[in-house]
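Content type compact mmCIF, C-alpha atoms and all ligand atoms, from the file model.txt:
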```txt
# COMPACT_ATOMS: atom_id res chain seq x y z
CA MET A 15 6.55 -205.77 -44.86
CA LYS A 16 3.91 -203.33 -46.14
CA VAL A 17 3.87 -199.92 -47.79
CA LEU A 18 1.01 -197.44 -47.43
CA VAL A 19 0.57 -194.89 -50.24
CA LEU A 20 -1.43 -191.73 -49.60
CA ASN A 21 -2.70 -189.29 -52.22
CA SER A 22 -4.07 -186.49 -50.11
CA GLY A 23 -6.25 -184.01 -52.05
CA SER A 24 -8.15 -180.94 -50.93
CA SER A 25 -11.32 -182.82 -49.93
CA SER A 26 -10.25 -186.45 -50.20
CA ILE A 27 -7.55 -188.92 -49.22
CA LYS A 28 -6.98 -191.91 -51.50
CA PHE A 29 -4.91 -194.81 -50.19
CA GLN A 30 -3.44 -198.17 -51.18
CA LEU A 31 -1.65 -200.68 -49.01
CA PHE A 32 0.89 -202.93 -50.77
CA ARG A 33 2.90 -205.95 -49.73
CA ASN A 34 6.41 -204.96 -50.78
CA ASP A 35 7.79 -208.35 -51.86
CA ASP A 36 5.37 -208.95 -54.76
CA TRP A 37 3.45 -205.63 -54.82
CA THR A 38 0.08 -207.29 -54.08
CA VAL A 39 -2.56 -204.70 -53.18
CA LEU A 40 -3.73 -205.66 -49.68
CA ALA A 41 -6.29 -202.87 -49.35
CA SER A 42 -7.34 -199.71 -51.14
CA GLY A 43 -9.94 -197.01 -50.85
CA SER A 44 -10.61 -193.41 -50.06
CA VAL A 45 -12.17 -190.90 -47.74
CA THR A 46 -14.08 -188.35 -49.80
CA ARG A 47 -16.12 -185.23 -48.99
CA ILE A 48 -13.88 -184.29 -46.04
CA GLY A 49 -15.37 -181.24 -44.33
CA GLU A 50 -18.91 -181.88 -45.64
CA PRO A 51 -21.68 -183.05 -43.29
CA GLU A 52 -21.46 -186.63 -44.62
CA ALA A 53 -17.99 -187.84 -45.57
CA LEU A 54 -17.69 -191.26 -47.21
CA MET A 55 -15.07 -193.86 -46.25
CA ARG A 56 -14.56 -196.77 -48.64
CA CYS A 57 -12.13 -199.62 -48.08
CA ARG A 58 -11.70 -202.76 -50.20
CA TRP A 59 -9.50 -205.66 -49.16
CA ALA A 60 -9.04 -209.37 -49.71
CA ASP A 61 -9.89 -211.61 -46.74
CA ALA A 62 -7.91 -214.68 -45.60
CA GLU A 63 -9.54 -216.78 -48.39
CA GLY A 64 -8.64 -214.13 -50.98
CA THR A 65 -12.27 -213.02 -51.44
CA GLN A 66 -12.73 -209.30 -52.12
CA GLN A 67 -14.52 -207.54 -49.28
CA SER A 68 -15.60 -203.96 -48.90
CA LEU A 69 -16.48 -201.60 -46.12
CA GLU A 70 -18.29 -198.27 -46.52
CA ASP A 71 -19.52 -195.77 -44.02
CA CYS A 72 -20.79 -192.23 -43.94
CA ALA A 73 -20.06 -189.86 -41.07
CA ALA A 74 -18.82 -186.33 -40.63
CA ILE A 75 -15.02 -186.18 -41.04
CA PRO A 76 -14.04 -182.58 -40.37
CA ASP A 77 -10.40 -182.64 -41.42
CA HIS A 78 -7.50 -184.66 -42.85
CA GLN A 79 -6.34 -185.64 -39.36
CA GLN A 80 -9.58 -187.49 -38.73
CA GLY A 81 -9.74 -188.74 -42.31
CA LEU A 82 -6.42 -190.51 -41.97
CA GLN A 83 -7.33 -191.74 -38.51
CA ARG A 84 -10.45 -193.30 -40.03
CA ILE A 85 -8.33 -195.00 -42.72
CA ALA A 86 -5.92 -196.39 -40.10
CA GLU A 87 -8.88 -197.75 -38.10
CA ALA A 88 -10.38 -199.38 -41.18
CA LEU A 89 -7.03 -200.99 -42.07
CA ALA A 90 -6.73 -202.34 -38.52
CA GLN A 91 -10.36 -203.50 -38.41
CA THR A 92 -10.09 -205.42 -41.71
CA GLY A 93 -6.82 -207.03 -40.63
CA ALA A 94 -5.00 -205.61 -43.67
CA LEU A 95 -2.73 -203.70 -41.28
CA ALA A 96 -3.23 -205.18 -37.83
CA ASP A 97 -0.05 -203.57 -36.49
CA THR A 98 1.49 -200.37 -37.86
CA ALA A 99 4.94 -201.81 -37.07
CA GLU A 100 4.42 -203.90 -40.25
CA LEU A 101 4.89 -200.71 -42.28
CA LEU A 102 8.22 -200.29 -44.06
CA ALA A 103 7.30 -196.81 -45.29
CA VAL A 104 4.46 -194.43 -46.05
CA GLY A 105 4.69 -192.91 -49.56
CA HIS A 106 3.03 -189.55 -50.25
CA ARG A 107 2.13 -187.98 -53.58
CA VAL A 108 3.35 -184.37 -53.52
CA VAL A 109 2.37 -182.41 -56.61
CA HIS A 110 4.95 -179.58 -56.55
CA GLY A 111 8.56 -179.96 -55.47
CA GLY A 112 9.91 -176.87 -57.24
CA GLU A 113 13.51 -177.27 -58.41
CA ALA A 114 14.60 -178.83 -55.15
CA PHE A 115 13.62 -182.45 -55.76
CA HIS A 116 14.79 -184.78 -58.52
CA ALA A 117 14.00 -188.01 -56.67
CA PRO A 118 11.79 -189.44 -53.92
CA THR A 119 12.85 -187.95 -50.60
CA LEU A 120 12.68 -189.02 -46.96
CA VAL A 121 10.61 -186.47 -45.09
CA ASP A 122 12.14 -184.48 -42.24
CA ASP A 123 11.49 -180.98 -40.85
CA ASP A 124 13.64 -179.31 -43.55
CA ILE A 125 11.85 -181.14 -46.38
CA ILE A 126 8.50 -180.09 -44.91
CA GLU A 127 9.67 -176.49 -44.96
CA VAL A 128 10.66 -176.71 -48.65
CA ILE A 129 7.28 -178.23 -49.57
CA ARG A 130 5.64 -175.39 -47.65
CA GLN A 131 7.67 -172.80 -49.57
CA VAL A 132 6.35 -173.98 -52.95
CA ILE A 133 2.67 -173.84 -51.89
CA PRO A 134 2.16 -170.61 -53.90
CA LEU A 135 3.16 -172.54 -57.06
CA ALA A 136 0.50 -175.24 -56.53
CA PRO A 137 -2.17 -173.71 -54.32
CA LEU A 138 -4.80 -176.32 -55.27
CA HIS A 139 -2.64 -179.36 -54.51
CA ASN A 140 0.33 -178.80 -52.16
CA PRO A 141 -1.51 -177.68 -48.99
CA ALA A 142 -3.50 -180.94 -48.92
CA ASN A 143 -0.41 -183.04 -49.77
CA LEU A 144 1.41 -181.41 -46.86
CA ASP A 145 -1.55 -181.98 -44.52
CA GLY A 146 -1.37 -185.68 -45.39
CA ILE A 147 2.33 -185.80 -44.51
CA LEU A 148 1.92 -183.93 -41.22
CA VAL A 149 -0.95 -186.13 -40.09
CA ALA A 150 0.80 -189.36 -41.14
CA ARG A 151 3.89 -188.33 -39.17
CA LYS A 152 1.76 -187.93 -36.05
CA LEU A 153 -0.14 -191.15 -36.63
CA PHE A 154 2.89 -193.31 -37.54
CA PRO A 155 5.74 -191.50 -35.73
CA THR A 156 8.28 -194.31 -36.10
CA ILE A 157 7.64 -195.11 -39.79
CA PRO A 158 9.71 -193.39 -42.53
CA GLN A 159 7.61 -191.01 -44.64
CA VAL A 160 8.66 -190.55 -48.27
CA ALA A 161 7.56 -187.69 -50.54
CA VAL A 162 7.25 -188.60 -54.23
CA PHE A 163 6.95 -185.49 -56.40
CA ASP A 164 4.91 -185.05 -59.60
CA THR A 165 7.59 -182.60 -60.73
CA ALA A 166 10.65 -184.84 -60.16
CA PHE A 167 10.53 -186.81 -63.43
CA HIS A 168 10.48 -183.54 -65.42
CA GLN A 169 13.65 -182.13 -63.84
CA THR A 170 15.59 -183.48 -66.85
CA MET A 171 13.97 -180.97 -69.25
CA PRO A 172 16.48 -178.74 -71.03
CA ARG A 173 16.43 -175.00 -70.30
CA THR A 174 15.04 -174.29 -73.74
CA ALA A 175 11.91 -176.27 -72.80
CA TYR A 176 11.45 -175.05 -69.24
CA ARG A 177 12.20 -171.34 -69.53
CA TYR A 178 9.47 -168.84 -70.43
CA ALA A 179 10.41 -165.85 -72.59
CA ILE A 180 9.88 -163.32 -69.80
CA PRO A 181 12.45 -161.22 -67.89
CA ASP A 182 15.28 -163.34 -66.53
CA PHE A 183 14.96 -162.20 -62.88
CA LEU A 184 11.48 -163.73 -62.69
CA TYR A 185 13.13 -167.12 -63.08
CA ARG A 186 16.27 -166.37 -61.03
CA GLU A 187 14.54 -164.71 -58.10
CA HIS A 188 11.02 -166.08 -58.22
CA GLY A 189 11.25 -169.54 -59.79
CA VAL A 190 8.90 -168.72 -62.67
CA ARG A 191 9.51 -171.57 -65.16
CA ARG A 192 7.88 -174.74 -66.47
CA TYR A 193 7.99 -177.55 -63.89
CA GLY A 194 5.51 -180.08 -65.28
CA PHE A 195 3.32 -182.51 -63.34
CA HIS A 196 1.91 -186.07 -63.39
CA GLY A 197 5.58 -187.12 -63.60
CA THR A 198 4.94 -190.29 -61.60
CA SER A 199 2.32 -191.37 -64.14
CA HIS A 200 4.35 -190.40 -67.24
CA HIS A 201 7.33 -192.28 -65.79
CA TYR A 202 5.28 -195.38 -64.93
CA VAL A 203 3.55 -195.72 -68.32
CA GLY A 204 6.80 -194.85 -70.12
CA ARG A 205 8.56 -197.78 -68.45
CA ARG A 206 5.64 -200.11 -69.15
CA ALA A 207 5.64 -198.98 -72.82
CA ALA A 208 9.35 -199.81 -73.07
CA GLN A 209 8.59 -203.30 -71.76
CA LEU A 210 5.82 -203.76 -74.33
CA LEU A 211 8.17 -202.52 -77.07
CA GLY A 212 10.84 -204.95 -75.84
CA LYS A 213 13.48 -202.20 -75.54
CA PRO A 214 15.29 -200.65 -72.59
CA PHE A 215 13.46 -197.49 -71.40
CA GLU A 216 16.74 -195.59 -71.93
CA HIS A 217 16.49 -196.33 -75.68
CA CYS A 218 12.84 -195.28 -76.08
CA ASN A 219 11.44 -192.04 -77.48
CA LEU A 220 7.83 -191.71 -76.37
CA ILE A 221 4.93 -189.29 -76.24
CA THR A 222 2.84 -190.01 -73.14
CA LEU A 223 -0.64 -188.54 -72.68
CA HIS A 224 -2.07 -188.57 -69.14
CA LEU A 225 -5.74 -187.68 -69.61
CA GLY A 226 -7.75 -187.64 -66.37
CA ASN A 227 -9.41 -184.70 -64.65
CA GLY A 228 -6.05 -183.00 -64.91
CA ALA A 229 -4.34 -183.73 -68.25
CA SER A 230 -0.81 -183.41 -69.57
CA ALA A 231 1.38 -184.56 -72.46
CA THR A 232 5.09 -185.41 -72.13
CA ALA A 233 7.88 -185.94 -74.64
CA ILE A 234 10.35 -188.58 -73.40
CA ARG A 235 13.72 -188.89 -75.13
CA GLU A 236 15.80 -191.95 -74.24
CA GLY A 237 13.93 -192.45 -70.99
CA SER A 238 14.05 -188.81 -69.81
CA SER A 239 11.38 -186.12 -69.90
CA VAL A 240 12.42 -183.40 -72.36
CA ASP A 241 9.18 -181.42 -72.53
CA THR A 242 5.73 -181.41 -70.98
CA SER A 243 2.54 -179.43 -71.43
CA MET A 244 1.87 -178.32 -67.84
CA GLY A 245 3.87 -175.32 -66.73
CA MET A 246 4.70 -173.44 -63.55
CA THR A 247 1.33 -174.70 -62.30
CA PRO A 248 -0.99 -177.53 -63.45
CA LEU A 249 -3.11 -174.98 -65.37
CA GLU A 250 -1.12 -174.80 -68.63
CA GLY A 251 -1.48 -177.08 -71.64
CA LEU A 252 -4.26 -179.45 -72.62
CA VAL A 253 -8.01 -178.90 -72.12
CA MET A 254 -8.95 -180.48 -68.75
CA GLY A 255 -12.11 -181.28 -66.81
CA THR A 256 -12.41 -177.81 -65.29
CA ARG A 257 -9.08 -176.14 -66.26
CA SER A 258 -8.64 -174.07 -69.41
CA GLY A 259 -5.14 -175.20 -70.35
CA ASP A 260 -3.42 -172.83 -72.83
CA ILE A 261 -5.00 -169.43 -73.36
CA ASP A 262 -3.62 -166.08 -74.44
CA PRO A 263 -1.97 -164.70 -71.26
CA ALA A 264 -3.70 -161.39 -72.02
CA VAL A 265 -7.16 -162.86 -71.36
CA PRO A 266 -6.95 -162.39 -67.55
CA PHE A 267 -5.81 -158.74 -67.98
CA TYR A 268 -8.72 -158.11 -70.30
CA LEU A 269 -11.21 -159.68 -67.87
CA SER A 270 -9.72 -157.75 -64.99
CA LYS A 271 -9.85 -154.42 -66.83
CA HIS A 272 -13.20 -154.77 -68.55
CA LEU A 273 -15.23 -157.00 -66.21
CA GLY A 274 -13.52 -155.94 -62.98
CA LEU A 275 -12.69 -159.53 -61.98
CA ASP A 276 -10.15 -159.80 -59.14
CA ASN A 277 -7.29 -162.32 -58.91
CA ASP A 278 -9.11 -164.92 -56.83
CA THR A 279 -12.11 -164.83 -59.17
CA LEU A 280 -9.85 -165.20 -62.21
CA GLU A 281 -7.96 -168.08 -60.62
CA GLY A 282 -11.25 -169.84 -59.85
CA LEU A 283 -12.61 -169.12 -63.33
CA LEU A 284 -9.62 -170.69 -65.12
CA ASN A 285 -9.08 -173.58 -62.67
CA ARG A 286 -12.59 -174.63 -61.71
CA GLN A 287 -15.09 -173.27 -64.23
CA SER A 288 -13.24 -173.73 -67.52
CA GLY A 289 -12.09 -176.70 -69.61
CA LEU A 290 -14.80 -179.19 -70.59
CA LEU A 291 -17.10 -177.77 -67.90
CA GLY A 292 -16.75 -174.25 -69.26
CA LEU A 293 -17.33 -175.29 -72.86
CA CYS A 294 -20.40 -177.45 -72.34
CA GLY A 295 -21.50 -177.48 -68.68
CA ASP A 296 -20.26 -181.05 -67.98
CA ASN A 297 -16.83 -182.33 -66.98
CA ASP A 298 -17.54 -186.05 -67.09
CA LEU A 299 -16.36 -187.16 -70.53
CA ARG A 300 -18.79 -190.10 -70.61
CA GLU A 301 -21.73 -187.72 -70.33
CA ILE A 302 -20.19 -185.35 -72.90
CA GLN A 303 -19.75 -188.21 -75.40
CA ARG A 304 -23.36 -189.30 -74.83
CA ARG A 305 -24.63 -185.76 -75.41
CA ALA A 306 -22.47 -185.26 -78.52
CA GLU A 307 -23.76 -188.51 -79.99
CA ALA A 308 -27.31 -187.26 -79.43
CA GLY A 309 -26.49 -184.14 -81.46
CA ASP A 310 -25.69 -181.66 -78.65
CA GLU A 311 -23.57 -178.89 -80.20
CA ALA A 312 -21.86 -177.65 -77.04
CA ALA A 313 -20.76 -181.18 -76.17
CA GLU A 314 -19.50 -181.70 -79.74
CA LEU A 315 -17.51 -178.47 -79.49
CA ALA A 316 -15.99 -179.54 -76.14
CA LEU A 317 -14.80 -182.81 -77.70
CA GLY A 318 -13.55 -180.98 -80.78
CA VAL A 319 -11.52 -178.37 -78.86
CA THR A 320 -10.04 -181.08 -76.59
CA ALA A 321 -8.99 -183.26 -79.55
CA HIS A 322 -7.62 -180.28 -81.49
CA ARG A 323 -5.36 -179.28 -78.57
CA LEU A 324 -4.20 -182.88 -78.09
CA LYS A 325 -3.30 -183.20 -81.76
CA LYS A 326 -1.33 -179.94 -81.60
CA TYR A 327 0.80 -181.26 -78.73
CA ILE A 328 1.30 -184.65 -80.41
CA GLY A 329 2.53 -182.84 -83.53
CA ALA A 330 4.80 -180.56 -81.54
CA TYR A 331 6.38 -183.46 -79.66
CA LEU A 332 6.82 -185.54 -82.85
CA ALA A 333 8.80 -182.58 -84.20
CA GLU A 334 10.81 -182.22 -80.96
CA LEU A 335 11.68 -185.91 -80.74
CA GLY A 336 12.43 -186.49 -84.42
CA ARG A 337 12.08 -190.25 -83.99
CA THR A 338 9.19 -191.58 -81.89
CA ASP A 339 8.66 -195.23 -80.91
CA ALA A 340 5.21 -194.96 -79.38
CA LEU A 341 2.34 -192.71 -78.40
CA VAL A 342 0.88 -193.78 -75.04
CA PHE A 343 -2.61 -193.00 -73.74
CA THR A 344 -3.37 -193.23 -70.01
CA GLY A 345 -5.64 -191.77 -67.27
CA GLY A 346 -9.44 -192.21 -67.01
CA ILE A 347 -10.00 -190.63 -70.43
CA GLY A 348 -6.89 -191.93 -72.19
CA GLU A 349 -7.59 -195.49 -71.05
CA ASN A 350 -11.32 -195.51 -71.74
CA SER A 351 -12.26 -193.08 -74.47
CA ALA A 352 -11.76 -194.69 -77.90
CA GLU A 353 -13.57 -191.65 -79.29
CA LEU A 354 -10.99 -189.14 -78.08
CA ARG A 355 -8.06 -191.38 -79.03
CA ALA A 356 -9.47 -191.66 -82.56
CA ARG A 357 -10.09 -187.92 -82.85
CA ALA A 358 -6.63 -186.99 -81.54
CA CYS A 359 -4.90 -189.34 -84.00
CA ALA A 360 -7.10 -188.71 -87.04
CA GLY A 361 -5.12 -187.45 -90.02
CA LEU A 362 -1.70 -188.21 -88.49
CA GLU A 363 -1.05 -191.17 -90.83
CA THR A 364 1.53 -189.26 -92.88
CA LEU A 365 3.37 -188.52 -89.60
CA GLY A 366 3.52 -192.25 -88.79
CA ILE A 367 0.51 -192.66 -86.50
CA ARG A 368 -2.18 -195.03 -87.74
CA ILE A 369 -4.90 -196.28 -85.38
CA ASP A 370 -6.61 -199.65 -85.93
CA ALA A 371 -10.35 -198.90 -85.56
CA ALA A 372 -11.27 -202.38 -84.30
CA ALA A 373 -8.42 -202.57 -81.78
CA ASN A 374 -9.15 -199.03 -80.61
CA THR A 375 -12.83 -199.69 -79.88
CA ALA A 376 -12.44 -203.21 -78.42
CA ALA A 377 -13.50 -203.20 -74.76
CA SER A 378 -10.47 -203.92 -72.56
CA GLN A 379 -8.89 -202.79 -69.33
CA GLN A 380 -5.53 -204.30 -70.27
CA GLU A 381 -2.31 -202.81 -71.57
CA ARG A 382 -2.60 -203.03 -75.35
CA ALA A 383 -1.67 -201.66 -78.77
CA VAL A 384 -4.47 -199.90 -80.66
CA SER A 385 -2.37 -199.03 -83.71
CA HIS A 386 -2.43 -200.74 -87.10
CA ALA A 387 0.19 -203.49 -87.49
CA GLU A 388 1.93 -201.33 -90.10
CA SER A 389 1.86 -198.07 -88.13
CA PRO A 390 5.50 -196.88 -87.86
CA ILE A 391 4.70 -195.41 -84.43
CA GLN A 392 2.86 -197.73 -82.06
CA VAL A 393 -0.19 -196.36 -80.25
CA LEU A 394 -0.50 -197.96 -76.81
CA VAL A 395 -3.12 -197.81 -74.07
CA ILE A 396 -1.52 -198.40 -70.67
CA PRO A 397 -3.54 -198.08 -67.43
CA THR A 398 -1.56 -195.86 -65.10
CA ASN A 399 -0.71 -196.87 -61.55
CA GLU A 400 0.68 -193.86 -59.72
CA GLU A 401 0.22 -195.56 -56.35
CA LEU A 402 2.34 -198.58 -57.32
CA GLN A 403 5.06 -196.30 -58.69
CA ILE A 404 4.98 -194.25 -55.44
CA ALA A 405 5.16 -197.44 -53.35
CA ARG A 406 8.20 -198.68 -55.30
CA GLU A 407 9.96 -195.32 -55.09
CA ALA A 408 9.21 -195.08 -51.36
CA VAL A 409 10.81 -198.48 -50.77
CA GLU A 410 13.83 -197.46 -52.88
CA ALA A 411 14.20 -194.30 -50.82
CA VAL A 412 14.27 -196.15 -47.48
CA SER A 413 16.52 -199.00 -48.54
N1 LIG A 501 -15.49 -195.36 -69.94
C1 LIG A 501 -15.15 -194.09 -70.04
N2 LIG A 501 -15.29 -193.42 -71.20
C2 LIG A 501 -14.93 -192.13 -71.32
N3 LIG A 501 -14.41 -191.40 -70.31
C3 LIG A 501 -14.25 -192.01 -69.12
C4 LIG A 501 -14.59 -193.38 -68.90
N4 LIG A 501 -14.31 -193.69 -67.62
C5 LIG A 501 -13.80 -192.57 -67.05
N5 LIG A 501 -13.77 -191.56 -67.95
C6 LIG A 501 -13.36 -190.16 -67.72
O1 LIG A 501 -12.12 -190.08 -67.04
C7 LIG A 501 -12.08 -188.82 -66.35
C8 LIG A 501 -11.50 -189.02 -64.96
O2 LIG A 501 -10.21 -189.56 -65.07
P1 LIG A 501 -9.37 -190.03 -63.79
O3 LIG A 501 -8.02 -190.41 -64.30
O4 LIG A 501 -10.14 -191.02 -63.03
O5 LIG A 501 -9.31 -188.66 -63.00
P2 LIG A 501 -8.40 -188.14 -61.80
O6 LIG A 501 -7.47 -187.14 -62.44
O7 LIG A 501 -9.36 -187.51 -60.85
O8 LIG A 501 -7.65 -189.33 -61.23
C9 LIG A 501 -13.49 -188.26 -66.36
O9 LIG A 501 -13.63 -187.25 -67.34
C10 LIG A 501 -14.33 -189.47 -66.79
O10 LIG A 501 -15.48 -189.07 -67.47
C1 LIG A 502 -1.15 -182.07 -61.16
C2 LIG A 502 -2.56 -182.43 -61.45
O1 LIG A 502 -3.19 -181.85 -62.31
O2 LIG A 502 -3.06 -183.44 -60.74
P1 LIG A 502 -4.56 -183.99 -60.86
O3 LIG A 502 -4.73 -184.51 -62.25
O4 LIG A 502 -4.58 -185.07 -59.81
O5 LIG A 502 -5.46 -182.83 -60.54
MG MG A 503 -5.52 -189.13 -61.45
```
Same coordinates, now as structure tokens:
Amino acid sequence: MKVLVLNSGSSSIKFQLFRNDDWTVLASGSVTRIGEPEALMRCRWADAEGTQQSLEDCAAIPDHQQGLQRIAEALAQTGALADTAELLAVGHRVVHGGEAFHAPTLVDDDIIEVIRQVIPLAPLHNPANLDGILVARKLFPTIPQVAVFDTAFHQTMPRTAYRYAIPDFLYREHGVRRYGFHGTSHHYVGRRAAQLLGKPFEHCNLITLHLGNGASATAIREGSSVDTSMGMTPLEGLVMGTRSGDIDPAVPFYLSKHLGLDNDTLEGLLNRQSGLLGLCGDNDLREIQRRAEAGDEAAELALGVTAHRLKKYIGAYLAELGRTDALVFTGGIGENSAELRARACAGLETLGIRIDAAANTAASQQERAVSHAESPIQVLVIPTNEELQIAREAVEAVS
């Protein structure tokens, strides 16, 4: 049987099709620029001889309904999914599940309603995730749909980590608390780290750093999330591509009072015009590193602020955990930027973190240690695979 995983974003749908006995990827790709005049559909698959093939086309795709339809056509056309009856389940990434979901969940009308209710807590992510589910239900009406929540892994945090020091009724009546995100990724790399360490996950204390366009740090004690840097929404914490991460909560009041900015403008400013982009005008870390190397001061500052914030969270989580087995880097930046890994870990030797310069800069796409052989805390680079984790959890939920 096969499992289709969908990660439906505001203007894109990413997909992977797995065979569920050995988790081979049968096809993968995306539809991007949904709603623009020229959307792009990309699909890669292995043909009968095992040779990688790819298919790309550009055409207007006005909405998610047609985006998913296009994906289903491509999967049929390539033979990767000739008959939808071969599907055991469709797994969906859902960013916010509020306090309702601790595990992957079979989608029904009630579940859809709960996901709809938490839209105000993740306005950038949940509407598109929900669209993906609604469209997939129409397109594959007889196949079980499973929602896998970014927030679920963090539901083990203690109250002291998830409560904000604001009036109690805001939590009780309005759900204002830390939820945390990227849980699927933190969980996946945490388990892989335990395997590399040769210990059961339930015995491992880890700090996992998911550094992509969105970025978050998590403290894992004995296999459970006990703290994480993102908060009620994915805006809190580390410096991100276009999100500010932590700022003084008074900044928006000040901007509102003195510059007359309204709520929507402020939300856009902090979510889409801040972070690396706000500091230096670029949000692609490769370009920022190139500029910094050429002496560009704004790019150097962007790298410096990002590394400073990372180091602060690493230090905080070392203190929270007491004993730490490994620090794990993942996500496009965590996996590929030796520069940022080195900056974030510089000076942490007395706290037990010692990078090996040669291992850190060696070109590799593999899971690996980049710490010195004598570093008390191992530093690992582990490519994340949220889609595989979603596929596995979807199968668990239906069986
Ligand atoms: N070789 C590289 N060196 C440094 N940064 C990289 C490299 N490859 C990708 N990145 C950075 O990774 C980030 C995107 O991460 P990714 O995990 O793909 O994002 P998303 O959250 O959209 O899935 C971008 O800032 C990109 O510049
Ligand atoms: C929750 C979140 O920030 O997700 P992404 O990194 O995909 O934007
Ligand atoms: Mg990502």
Original post:
In Å to one decimal, how far is CA of Leu69 in chain A from CA of Gln380 in chain A?
Top reply: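 Rounded to one decimal, the two atoms are 26.7 Å apart.
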Original post:
Which distance in Å separates CA of Ser270 in chain A and CA of Met246 in chain A, to one decimal?
Top reply: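 Computing the Euclidean distance for CA of Ser270 in chain A and CA of Met246 in chain A yields 21.4 Å.
Candidate residues A:Leu225, A:Leu315, A:Leu335, A:Leu273 were compared for distance to ligand MG 503 (chain A), and the nearest is A:Leu225, using only C-alpha atoms and all ligand atoms.
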Residues at most 7 Å from ligand MG 503 (chain A), using all atoms listed in the file? Could they come as a CSV table (one decimal) with C-alpha atoms, in the coordinates of the input?
```csv
chain,number,residue,atom,x,y,z
A,226,GLY,CA,-7.8,-187.6,-66.4
A,227,ASN,CA,-9.4,-184.7,-64.6
A,345,GLY,CA,-5.6,-191.8,-67.3
```
Original post:
Counting only C-alpha atoms, what is within 12 Å of Gly64 in chain A, bar same-chain residues fewer than 5 positions away, as number ranges by chain?
Top reply: A: 38-41, 58-59, 94
Atoms to include: C-alpha atoms. Write the selected residues as a compact mmCIF listing (two decimals), in the coordinates of the input.
```
# COMPACT_ATOMS: atom_id res chain seq x y z
CA THR A 38 0.08 -207.29 -54.08
CA VAL A 39 -2.56 -204.70 -53.18
CA LEU A 40 -3.73 -205.66 -49.68
CA ALA A 41 -6.29 -202.87 -49.35
CA ARG A 58 -11.70 -202.76 -50.20
CA TRP A 59 -9.50 -205.66 -49.16
CA ALA A 94 -5.00 -205.61 -43.67
```
Original post:
Pick the closest to Asn21 in chain A from A:Ile126, A:Glu187, A:Met171, A:Glu400: which is it, counting all atoms listed in the file?
Top reply: A:Glu400
Original post:
Could you list as a PyMOL selection string every residue that has an atom within 9 Å of (-3.2, -177.6, -70.5), using the file's coordinates and counting only C-alpha atoms?
Top reply: chain A and resi 228-231+243-245+248-254+257-261+289+323
Original post:
Can you tell me which residues sit at most 9 Å away from ligand LIG 501 (chain A), counting all atoms listed in the file, written as a PyMOL selection string?
Top reply: chain A and resi 224-229+254-255+290+297-303+344-354+398
Original post:
Which of these residues is nearest to Phe32 in chain A, using all atoms listed in the file: A:Leu284, A:Leu269, A:Ala233, A:Ala405?
Top reply: A:Ala405
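If you look at CA of Ile85 in chain A and CA of Leu153 in chain A, they are 10.9 Å away from each other.
Checking A:Glu334, A:Asp278, A:Glu63, A:Asp145 one by one against Asn219 in chain A, counting all atoms listed in the file, you find the shortest gap at A:Glu334.
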**OP:** Just give me the residues with any atom within 9 Å of (-17.5, -184.2, -45.3), file coordinates, counting only C-alpha atoms, written as a PyMOL selection string.
**Re:** chain A and resi 25+45-54+72-77
**OP:** Find the residues around Glu216 in chain A up to 10 Å (all atoms listed in the file counted), leave out those fewer than 4 positions away in its own chain, and share them as a ChimeraX atom specification.
**Re:** /A:205,208,234-238
**OP:** Write out as a VMD selection string each polymer residue whose atoms come within 8 Å of His139 in chain A, counting only C-alpha atoms; drop sequence neighbours fewer than 3 positions from it.
**Re:** chain A and resid 23 to 24 108 to 110 136 142 to 143
Original post:
Counting only C-alpha atoms and all ligand atoms, which of A:Glu407, A:Asp164, A:Glu311, A:Asp276 gets nearest to ligand LIG 502 (chain A)?
Top reply: A:Asp164
With 6 Å added on each side, what axis-aligned box encloses every listed atom of ligand LIG 502 (chain A)? Give the centre and edge lengths in Å to one decimal, as JSON.
```
{"center_x": -3.3, "center_y": -183.5, "center_z": -61.1, "size_x": 16.3, "size_y": 15.2, "size_z": 14.5}
```
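Between ligand LIG 502 (chain A) and the candidates A:Gln91, A:Thr170, A:Ser389, A:Ser199, the tightest atom-to-atom separation, counting all atoms listed in the file, involves A:Ser199.
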Original post:
Near Arg305 in chain A, counting only C-alpha atoms, which residues have an atom at most 8 Å away, once you skip same-chain residues fewer than 5 positions from it, shown as a VMD selection string?
Top reply: chain A and resid 310 313 to 314
Write the residues of the selection above to a file with C-alpha atoms, as a compact mmCIF listing (two decimals), in the coordinates of the input.
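File written: again.txt
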```txt
# COMPACT_ATOMS: atom_id res chain seq x y z
CA ASP A 310 -25.69 -181.66 -78.65
CA ALA A 313 -20.76 -181.18 -76.17
CA GLU A 314 -19.50 -181.70 -79.74
```
Original post:
Got a sec: who's within 12 Å of Trp37 in chain A, counting only C-alpha atoms, leaving out chain neighbours fewer than 2 positions off, as a list in words?
Top reply: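 The contact residues come out as Met15, Lys16, Val17, Leu18, Gln30, Leu31, Phe32, Arg33, Asn34, Asp35, Val39, Leu40, Ala41, Asn399, Glu401, Leu402, Gln403, Ile404, Ala405, Arg406 and Val409 of chain A.
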